[in-house]
$ cat entry.cif   # mmCIF, C-alpha atoms
data_start
loop_
_atom_site.group_PDB
_atom_site.id
_atom_site.type_symbol
_atom_site.label_atom_id
_atom_site.label_comp_id
_atom_site.auth_asym_id
_atom_site.auth_seq_id
_atom_site.Cartn_x
_atom_site.Cartn_y
_atom_site.Cartn_z
ATOM 1 C CA MET A 1421 152.462 117.563 166.101
ATOM 2 C CA ALA A 1422 150.695 120.444 164.336
ATOM 3 C CA GLU A 1423 151.514 120.968 160.676
ATOM 4 C CA SER A 1424 152.687 124.433 159.622
ATOM 5 C CA HIS A 1425 150.621 126.231 157.021
ATOM 6 C CA PRO A 1426 152.546 126.490 153.697
ATOM 7 C CA GLN A 1427 151.767 130.181 153.218
ATOM 8 C CA GLN A 1428 152.829 130.999 156.768
ATOM 9 C CA THR A 1429 156.041 129.018 156.279
ATOM 10 C CA ASN A 1430 156.848 130.994 153.132
ATOM 11 C CA LYS A 1431 156.221 134.255 154.966
ATOM 12 C CA ASP A 1432 158.470 133.168 157.841
ATOM 13 C CA GLN A 1433 161.229 132.162 155.426
ATOM 14 C CA LYS A 1434 160.940 135.444 153.572
ATOM 15 C CA ALA A 1435 161.076 137.406 156.822
ATOM 16 C CA SER A 1436 164.134 135.468 158.051
ATOM 17 C CA VAL A 1437 166.370 136.372 155.073
ATOM 18 C CA SER A 1438 169.434 138.228 156.323
ATOM 19 C CA ALA A 1439 170.032 141.865 155.488
ATOM 20 C CA ARG A 1440 173.195 140.919 153.594
ATOM 21 C CA LYS A 1441 171.298 138.453 151.420
ATOM 22 C CA LYS A 1442 168.643 141.088 150.794
ATOM 23 C CA ALA A 1443 171.399 143.458 149.673
ATOM 24 C CA LEU A 1444 172.956 140.811 147.423
ATOM 25 C CA LEU A 1445 169.585 140.247 145.763
ATOM 26 C CA LEU A 1446 169.668 143.879 144.634
ATOM 27 C CA GLY A 1447 172.613 142.882 142.475
ATOM 28 C CA LYS A 1448 170.126 141.423 139.997
ATOM 29 C CA ILE A 1449 168.836 144.903 139.329
ATOM 30 C CA LEU A 1450 172.365 146.108 138.617
ATOM 31 C CA GLY A 1451 173.237 143.177 136.360
ATOM 32 C CA LEU A 1452 175.708 141.811 138.913
ATOM 33 C CA ALA A 1453 174.071 138.392 139.292
ATOM 34 C CA SER A 1454 174.548 135.443 136.955
ATOM 35 C CA GLU A 1455 171.551 134.580 134.783
ATOM 36 C CA ASP A 1456 171.373 131.822 132.140
ATOM 37 C CA ASP A 1457 174.451 132.332 129.924
ATOM 38 C CA TYR A 1458 175.298 135.724 131.430
ATOM 39 C CA ARG A 1459 178.210 135.873 133.893
ATOM 40 C CA PRO A 1460 178.986 139.376 135.235
ATOM 41 C CA SER A 1461 182.524 138.358 136.210
ATOM 42 C CA GLN A 1462 183.274 137.582 132.575
ATOM 43 C CA ALA A 1463 181.588 140.714 131.183
ATOM 44 C CA SER A 1464 183.083 144.160 130.697
ATOM 45 C CA ILE A 1465 181.522 147.126 132.488
ATOM 46 C CA THR A 1466 179.996 148.179 129.156
ATOM 47 C CA GLU A 1467 178.411 144.746 128.749
ATOM 48 C CA ARG A 1468 177.141 144.828 132.310
ATOM 49 C CA ALA A 1469 175.584 148.251 131.679
ATOM 50 C CA GLN A 1470 173.928 146.997 128.498
ATOM 51 C CA PHE A 1471 172.616 143.934 130.304
ATOM 52 C CA ARG A 1472 171.192 146.095 133.113
ATOM 53 C CA LEU A 1473 169.506 148.445 130.649
ATOM 54 C CA GLN A 1474 168.037 145.495 128.783
ATOM 55 C CA LYS A 1475 166.583 144.094 132.023
ATOM 56 C CA GLN A 1476 165.214 147.534 132.867
ATOM 57 C CA GLN A 1477 163.578 147.904 129.459
ATOM 58 C CA VAL A 1478 161.969 144.472 129.777
ATOM 59 C CA GLN A 1479 160.611 145.385 133.216
ATOM 60 C CA HIS A 1480 159.311 148.727 131.924
ATOM 61 C CA GLN A 1481 157.577 146.994 129.038
ATOM 62 C CA LEU A 1482 156.010 144.497 131.422
ATOM 63 C CA ASN A 1483 154.800 147.329 133.659
ATOM 64 C CA LEU A 1484 153.165 149.125 130.721
ATOM 65 C CA GLU A 1485 151.527 145.979 129.391
ATOM 66 C CA THR A 1486 150.115 145.177 132.826
ATOM 67 C CA ILE A 1487 148.692 148.697 133.247
ATOM 68 C CA PHE A 1488 147.239 148.620 129.735
ATOM 69 C CA ALA A 1489 145.578 145.233 130.319
ATOM 70 C CA LEU A 1490 144.077 146.488 133.582
ATOM 71 C CA ALA A 1491 142.890 149.690 131.873
ATOM 72 C CA LEU A 1492 141.015 147.663 129.263
ATOM 73 C CA ASN A 1493 139.010 146.077 132.089
ATOM 74 C CA TYR A 1494 137.972 149.540 133.312
ATOM 75 C CA THR A 1495 137.155 150.960 129.869
ATOM 76 C CA PRO A 1496 133.423 150.677 128.984
ATOM 77 C CA SER A 1497 132.403 149.527 125.515
ATOM 78 C CA ASP A 1498 129.063 151.382 125.575
ATOM 79 C CA VAL A 1499 130.544 154.888 125.991
ATOM 80 C CA THR A 1500 132.089 157.052 123.263
ATOM 81 C CA GLY A 1501 135.825 157.412 123.752
ATOM 82 C CA GLU A 1502 137.968 160.512 123.269
ATOM 83 C CA ASP A 1503 141.425 161.068 121.803
ATOM 84 C CA LEU A 1504 144.064 161.638 124.444
ATOM 85 C CA ASP A 1505 146.192 164.759 124.360
ATOM 86 C CA PRO A 1506 149.476 163.521 122.772
ATOM 87 C CA ASP A 1507 151.666 165.369 125.288
ATOM 88 C CA TRP A 1508 149.623 163.974 128.178
ATOM 89 C CA SER A 1509 149.746 160.406 126.862
ATOM 90 C CA TYR A 1510 153.503 160.628 126.226
ATOM 91 C CA GLN A 1511 154.152 161.812 129.785
ATOM 92 C CA PHE A 1512 151.722 159.216 131.147
ATOM 93 C CA PHE A 1513 153.551 156.278 129.566
ATOM 94 C CA GLN A 1514 156.964 157.725 130.452
ATOM 95 C CA MET A 1515 155.977 157.714 134.124
ATOM 96 C CA ALA A 1516 153.777 154.606 134.138
ATOM 97 C CA GLU A 1517 156.560 152.348 132.880
ATOM 98 C CA GLN A 1518 158.324 152.761 136.226
ATOM 99 C CA ILE A 1519 155.359 151.593 138.332
ATOM 100 C CA GLN A 1520 155.939 148.029 139.534
ATOM 101 C CA SER A 1521 153.578 147.624 142.480
ATOM 102 C CA ARG A 1522 150.382 145.884 141.372
ATOM 103 C CA ARG A 1523 148.288 148.080 143.638
ATOM 104 C CA MET A 1524 149.775 151.248 142.159
ATOM 105 C CA GLN A 1525 149.516 149.830 138.636
ATOM 106 C CA ASP A 1526 145.788 149.497 139.231
ATOM 107 C CA LEU A 1527 145.565 153.224 140.047
ATOM 108 C CA TRP A 1528 147.414 154.136 136.848
ATOM 109 C CA ALA A 1529 145.143 151.842 134.848
ATOM 110 C CA ARG A 1530 142.053 153.559 136.216
ATOM 111 C CA ILE A 1531 143.500 156.968 135.316
ATOM 112 C CA LEU A 1532 144.114 155.850 131.739
ATOM 113 C CA ALA A 1533 140.606 154.401 131.406
ATOM 114 C CA SER A 1534 139.072 157.552 132.889
ATOM 115 C CA GLU A 1535 140.976 159.838 130.507
ATOM 116 C CA ILE A 1536 139.882 157.808 127.475
ATOM 117 C CA VAL A 1537 136.255 158.347 128.523
ATOM 118 C CA LYS A 1538 136.647 161.995 129.562
ATOM 119 C CA PRO A 1539 140.049 163.673 129.099
ATOM 120 C CA GLY A 1540 141.226 166.350 131.499
ATOM 121 C CA LYS A 1541 140.328 164.772 134.837
ATOM 122 C CA PHE A 1542 143.919 164.096 135.831
ATOM 123 C CA SER A 1543 146.651 166.679 135.356
ATOM 124 C CA LEU A 1544 150.313 165.978 134.676
ATOM 125 C CA ARG A 1545 151.011 167.410 138.129
ATOM 126 C CA THR A 1546 148.823 164.703 139.639
ATOM 127 C CA LEU A 1547 150.629 162.032 137.612
ATOM 128 C CA ALA A 1548 153.986 163.321 138.886
ATOM 129 C CA THR A 1549 152.731 163.187 142.487
ATOM 130 C CA LEU A 1550 151.294 159.725 141.992
ATOM 131 C CA LYS A 1551 154.547 158.467 140.472
ATOM 132 C CA ASN A 1552 156.430 159.479 143.631
ATOM 133 C CA LEU A 1553 153.729 158.189 145.963
ATOM 134 C CA THR A 1554 154.769 155.191 148.047
ATOM 135 C CA GLN A 1555 152.377 152.376 148.907
ATOM 136 C CA ARG A 1556 152.338 153.611 152.505
ATOM 137 C CA GLU A 1557 151.362 157.123 151.411
ATOM 138 C CA ALA A 1558 148.643 155.669 149.197
ATOM 139 C CA GLN A 1559 147.315 153.743 152.193
ATOM 140 C CA LEU A 1560 147.349 156.930 154.295
ATOM 141 C CA LEU A 1561 145.388 158.724 151.560
ATOM 142 C CA GLU A 1562 142.861 155.902 151.599
ATOM 143 C CA LYS A 1563 142.640 156.157 155.389
ATOM 144 C CA ALA A 1564 142.199 159.946 155.329
ATOM 145 C CA LEU A 1565 139.470 159.778 152.686
ATOM 146 C CA GLY A 1566 137.643 157.132 154.705
ATOM 147 C CA MET A 1567 137.503 159.617 157.593
ATOM 148 C CA SER A 1568 136.585 162.669 155.493
ATOM 149 C CA VAL A 1569 133.207 164.216 154.779
ATOM 150 C CA LYS A 1570 131.486 166.331 152.168
ATOM 151 C CA MET A 1571 129.200 169.013 153.589
ATOM 152 C CA ASN A 1572 125.824 169.441 151.891
ATOM 153 C CA ALA A 1573 126.313 169.816 148.124
ATOM 154 C CA GLU A 1574 130.086 170.317 148.242
ATOM 155 C CA THR A 1575 132.157 168.199 145.868
ATOM 156 C CA ARG A 1576 135.411 168.326 147.855
ATOM 157 C CA TYR A 1577 136.199 166.293 150.938
ATOM 158 C CA LYS A 1578 137.094 167.851 154.273
ATOM 159 C CA LEU A 1579 139.048 165.987 156.936
ATOM 160 C CA LEU A 1580 137.412 167.411 160.056
ATOM 161 C CA SER A 1581 139.828 167.984 162.940
ATOM 162 C CA GLY A 1582 137.449 169.649 165.420
ATOM 163 C CA TYR A 1583 134.952 172.415 166.052
ATOM 164 C CA ARG A 1584 134.743 175.420 168.324
ATOM 165 C CA ILE A 1585 132.427 178.138 169.542
ATOM 166 C CA SER A 1586 133.457 181.570 168.302
ATOM 167 C CA GLY A 1587 131.753 184.374 170.213
ATOM 168 C CA GLY A 1588 128.474 184.338 172.084
ATOM 169 C CA LEU A 1589 127.857 183.819 175.788
ATOM 170 C CA GLN A 1590 128.182 180.060 175.635
ATOM 171 C CA GLN A 1591 131.918 180.188 175.087
ATOM 172 C CA TYR A 1592 132.327 181.672 178.600
ATOM 173 C CA PHE A 1593 130.463 178.805 180.270
ATOM 174 C CA ARG A 1594 132.495 175.981 178.723
ATOM 175 C CA LYS A 1595 135.774 174.554 179.969
ATOM 176 C CA THR A 1596 137.113 174.937 176.436
ATOM 177 C CA SER A 1597 135.670 176.392 173.283
ATOM 178 C CA GLN A 1598 137.597 173.860 171.145
ATOM 179 C CA VAL A 1599 136.496 170.229 170.719
ATOM 180 C CA ASN A 1600 138.995 167.988 168.930
ATOM 181 C CA ILE A 1601 138.016 165.010 166.804
ATOM 182 C CA GLY A 1602 140.242 162.085 167.736
ATOM 183 C CA LEU A 1603 141.812 161.256 164.395
ATOM 184 C CA SER A 1604 144.859 159.655 166.020
ATOM 185 C CA LYS A 1605 142.700 157.161 167.928
ATOM 186 C CA TYR A 1606 141.549 155.714 164.625
ATOM 187 C CA GLY A 1607 144.840 155.358 162.813
ATOM 188 C CA LEU A 1608 145.576 158.872 161.585
ATOM 189 C CA PRO A 1609 147.979 160.607 163.997
ATOM 190 C CA TYR A 1610 149.393 164.023 163.202
ATOM 191 C CA SER A 1611 152.614 162.460 161.910
ATOM 192 C CA ASN A 1612 150.566 160.769 159.164
ATOM 193 C CA ILE A 1613 148.854 164.053 158.346
ATOM 194 C CA LEU A 1614 152.308 165.652 157.974
ATOM 195 C CA THR A 1615 153.267 162.820 155.608
ATOM 196 C CA LEU A 1616 150.246 163.609 153.432
ATOM 197 C CA MET A 1617 151.184 167.293 153.514
ATOM 198 C CA ASP A 1618 154.745 166.511 152.420
ATOM 199 C CA ALA A 1619 153.361 164.344 149.612
ATOM 200 C CA GLY A 1620 151.327 167.295 148.310
ATOM 201 C CA ILE A 1621 147.971 165.660 149.110
ATOM 202 C CA LEU A 1622 146.897 167.930 151.991
ATOM 203 C CA HIS A 1623 147.472 171.662 152.347
ATOM 204 C CA ASN A 1624 150.071 172.613 154.948
ATOM 205 C CA SER A 1625 147.676 174.289 157.385
ATOM 206 C CA GLU A 1626 144.255 173.886 158.927
ATOM 207 C CA PHE A 1627 141.230 175.783 157.645
ATOM 208 C CA GLU A 1628 137.955 176.839 159.240
ATOM 209 C CA THR A 1629 134.440 176.991 157.895
ATOM 210 C CA GLY A 1630 132.331 180.085 158.304
ATOM 211 C CA LEU A 1631 129.886 180.255 161.203
ATOM 212 C CA LEU A 1632 127.294 177.515 160.862
ATOM 213 C CA ASP A 1633 123.588 178.375 160.766
ATOM 214 C CA LYS A 1634 121.721 177.037 163.779
ATOM 215 C CA ASN A 1635 118.472 176.826 161.804
ATOM 216 C CA SER A 1636 119.856 174.743 158.948
ATOM 217 C CA ASP A 1637 120.648 171.036 158.803
ATOM 218 C CA ILE A 1638 124.083 170.063 157.542
ATOM 219 C CA LEU A 1639 124.363 166.843 155.559
ATOM 220 C CA LEU A 1640 127.664 165.066 156.178
ATOM 221 C CA SER A 1641 128.404 162.546 153.420
ATOM 222 C CA MET A 1642 131.123 159.939 153.691
ATOM 223 C CA THR A 1643 132.054 157.413 151.031
ATOM 224 C CA GLU A 1644 129.504 154.835 152.160
ATOM 225 C CA GLN A 1645 127.017 156.626 154.408
ATOM 226 C CA GLN A 1646 125.655 159.987 155.419
ATOM 227 C CA PHE A 1647 123.915 161.667 158.342
ATOM 228 C CA LYS A 1648 122.580 165.100 159.281
ATOM 229 C CA ILE A 1649 123.609 167.454 162.063
ATOM 230 C CA SER A 1650 122.420 170.889 163.159
ATOM 231 C CA PRO A 1651 124.377 173.346 165.377
ATOM 232 C CA LYS A 1652 123.011 174.023 168.834
ATOM 233 C CA ASN A 1653 123.992 177.689 168.500
ATOM 234 C CA ASN A 1654 124.903 180.224 165.816
ATOM 235 C CA ASN A 1655 128.553 180.563 166.841
ATOM 236 C CA SER A 1656 129.946 177.162 165.883
ATOM 237 C CA LEU A 1657 132.457 176.424 163.147
ATOM 238 C CA PHE A 1658 134.529 173.460 162.011
ATOM 239 C CA SER A 1659 138.291 173.250 161.658
ATOM 240 C CA TYR A 1660 139.510 170.879 158.965
ATOM 241 C CA TYR A 1661 142.325 169.809 156.680
ATOM 242 C CA ARG A 1662 141.790 170.568 153.006
ATOM 243 C CA PHE A 1663 142.924 168.335 150.175
ATOM 244 C CA THR A 1664 145.050 169.975 147.498
ATOM 245 C CA PRO A 1665 143.867 169.917 143.861
ATOM 246 C CA VAL A 1666 146.148 166.895 143.422
ATOM 247 C CA GLY A 1667 144.577 165.251 146.476
ATOM 248 C CA ASP A 1668 141.118 165.945 145.085
ATOM 249 C CA GLU A 1669 142.023 164.290 141.783
ATOM 250 C CA LEU A 1670 143.525 161.274 143.526
ATOM 251 C CA SER A 1671 140.389 160.955 145.670
ATOM 252 C CA LEU A 1672 138.524 159.989 142.493
ATOM 253 C CA LEU A 1673 140.681 156.855 142.284
ATOM 254 C CA VAL A 1674 140.937 155.613 145.843
ATOM 255 C CA GLN A 1675 138.343 153.166 147.092
ATOM 256 C CA ALA A 1676 138.160 154.387 150.694
ATOM 257 C CA ASN A 1677 136.312 152.363 153.304
ATOM 258 C CA VAL A 1678 134.537 154.033 156.212
ATOM 259 C CA GLU A 1679 135.095 152.412 159.588
ATOM 260 C CA ASN A 1680 131.816 152.179 161.492
ATOM 261 C CA GLU A 1681 133.653 152.563 164.787
ATOM 262 C CA TYR A 1682 135.037 155.919 163.643
ATOM 263 C CA VAL A 1683 131.591 157.096 162.480
ATOM 264 C CA ARG A 1684 130.094 156.230 165.866
ATOM 265 C CA ALA A 1685 132.909 158.096 167.642
ATOM 266 C CA LEU A 1686 132.497 161.091 165.331
ATOM 267 C CA LYS A 1687 128.780 161.281 166.081
ATOM 268 C CA GLU A 1688 129.429 161.085 169.820
ATOM 269 C CA THR A 1689 132.020 163.859 169.617
ATOM 270 C CA LEU A 1690 129.648 166.100 167.656
ATOM 271 C CA LYS A 1691 126.775 165.669 170.114
ATOM 272 C CA ALA A 1692 128.248 168.233 172.519
ATOM 273 C CA GLY A 1693 127.717 171.029 169.999
ATOM 274 C CA PHE A 1694 125.285 169.589 167.447
ATOM 275 C CA SER A 1695 122.050 167.698 167.226
ATOM 276 C CA VAL A 1696 122.918 164.489 165.382
ATOM 277 C CA LYS A 1697 120.106 163.004 163.308
#

$ encode --input "entry.cif" --output "structure tokens"
Amino acid sequence: MAESHPQQTNKDQKASVSARKKALLLGKILGLASEDDYRPSQASITERAQFRLQKQQVQHQLNLETIFALALNYTPSDVTGEDLDPDWSYQFFQMAEQIQSRRMQDLWARILASEIVKPGKFSLRTLATLKNLTQREAQLLEKALGMSVKMNAETRYKLLSGYRISGGLQQYFRKTSQVNIGLSKYGLPYSNILTLMDAGILHNSEFETGLLDKNSDILLSMTEQQFKISPKNNNSLFSYYRFTPVGDELSLLVQANVENEYVRALKETLKAGFSVK
């Protein structure tokens, strides 16, 4: 008889907990569960409120200490530090104390370390967006950045959605002048793009580049690789989703990975209207 793996068993047990039991576990947050010498049934509502606030304060302190310890790991000792703006640091710690996910705590730690080295990179607006960002939205941001490109010397990422021929005779000899890049095939359907828009990470509409010069190479840089393309005519342009200023700031934090399968598909899609080098 095959032995079950301990980790898998724990996962199965965790997944099999009833919804009611899950709900009852939330009572700990509200101070409605017995702990050590504390019995909620024997406590007044004022005492229960005080107990809940005490638990909350302890959790907030733990969150801050964890973020601070992580930030120390990201702060270099061979670089001159700067004084933080007192209003910025106050708001930072007010928001950071509520961050419990270890993955999100790591993002906040990197912001703090970055600001100590060079203040002004991350606005309070970005902190407010990040505070309300769920783990799923953070994963979608990571996915979108892994599929985005910088064109030539640009510093901002573009999430290409397609390209088209605008004007010229060639547009009359094609079945369609629009070629879409299959973002949904690689884990980023339009519903996910709408989620990023609602989160304030992407602008709410598509944009287009100007007409691309047939005689000039375009360097497309992704987080881990780059390649060159050149338009086959002078009437081509890209459509793309643009990151908001908040999205641009958050892109400095996210370690996005480029999927080779997506890069290969992107190159194949571009070959109809570009020479890919």

$ closest_residue --input "entry.cif" --among "A:Gln1555, A:Ser1656, A:Leu1579, A:Tyr1494" --to "A:Arg1523" --atoms "all atoms listed in the file"
A:Gln1555

$ closest_residue --input "entry.cif" --among "A:Asn1655, A:Thr1495, A:Ser1464, A:Thr1664" --to "A:Asn1624" --atoms "all atoms listed in the file"
A:Thr1664

$ atom_distance --input "entry.cif" --atom1 "atom CA of A:Ser1543" --atom2 "atom CA of A:Gly1667"
11.4 Å

$ resolve_selection --input "entry.cif" --expression "the PyMOL selection byres ((chain A and resi 1475) around 12)" --output "ChimeraX atom specification"
/A:1448-1453,1455,1468-1474,1476-1482

$ write_last_selection --input "entry.cif" --atoms "C-alpha atoms" --output "mmCIF file, in the coordinates of the input"
data_model
loop_
_atom_site.group_PDB
_atom_site.id
_atom_site.type_symbol
_atom_site.label_atom_id
_atom_site.label_comp_id
_atom_site.auth_asym_id
_atom_site.auth_seq_id
_atom_site.Cartn_x
_atom_site.Cartn_y
_atom_site.Cartn_z
ATOM 1 C CA LYS A 1448 170.126 141.423 139.997
ATOM 2 C CA ILE A 1449 168.836 144.903 139.329
ATOM 3 C CA LEU A 1450 172.365 146.108 138.617
ATOM 4 C CA GLY A 1451 173.237 143.177 136.360
ATOM 5 C CA LEU A 1452 175.708 141.811 138.913
ATOM 6 C CA ALA A 1453 174.071 138.392 139.292
ATOM 7 C CA GLU A 1455 171.551 134.580 134.783
ATOM 8 C CA ARG A 1468 177.141 144.828 132.310
ATOM 9 C CA ALA A 1469 175.584 148.251 131.679
ATOM 10 C CA GLN A 1470 173.928 146.997 128.498
ATOM 11 C CA PHE A 1471 172.616 143.934 130.304
ATOM 12 C CA ARG A 1472 171.192 146.095 133.113
ATOM 13 C CA LEU A 1473 169.506 148.445 130.649
ATOM 14 C CA GLN A 1474 168.037 145.495 128.783
ATOM 15 C CA GLN A 1476 165.214 147.534 132.867
ATOM 16 C CA GLN A 1477 163.578 147.904 129.459
ATOM 17 C CA VAL A 1478 161.969 144.472 129.777
ATOM 18 C CA GLN A 1479 160.611 145.385 133.216
ATOM 19 C CA HIS A 1480 159.311 148.727 131.924
ATOM 20 C CA GLN A 1481 157.577 146.994 129.038
ATOM 21 C CA LEU A 1482 156.010 144.497 131.422
#

$ resolve_selection --input "entry.cif" --expression "the PyMOL selection byres ((chain A and resi 1652) around 7)" --output "number ranges by chain"
A: 1634, 1650-1651, 1653, 1693-1695

$ closest_residue --input "entry.cif" --among "A:Lys1441, A:Arg1584, A:Arg1662, A:His1623" --to "A:Thr1689" --atoms "only C-alpha atoms"
A:Arg1584

$ atom_distance --input "entry.cif" --atom1 "atom CA of A:Glu1669" --atom2 "atom CA of A:Lys1570"
14.9 Å

$ closest_residue --input "entry.cif" --among "A:Ser1497, A:Asn1483, A:Ser1641, A:Ser1436" --to "A:Leu1565" --atoms "all atoms listed in the file"
A:Ser1641

$ atom_distance --input "entry.cif" --atom1 "atom CA of A:Asp1498" --atom2 "atom CA of A:Ala1529"
18.6 Å
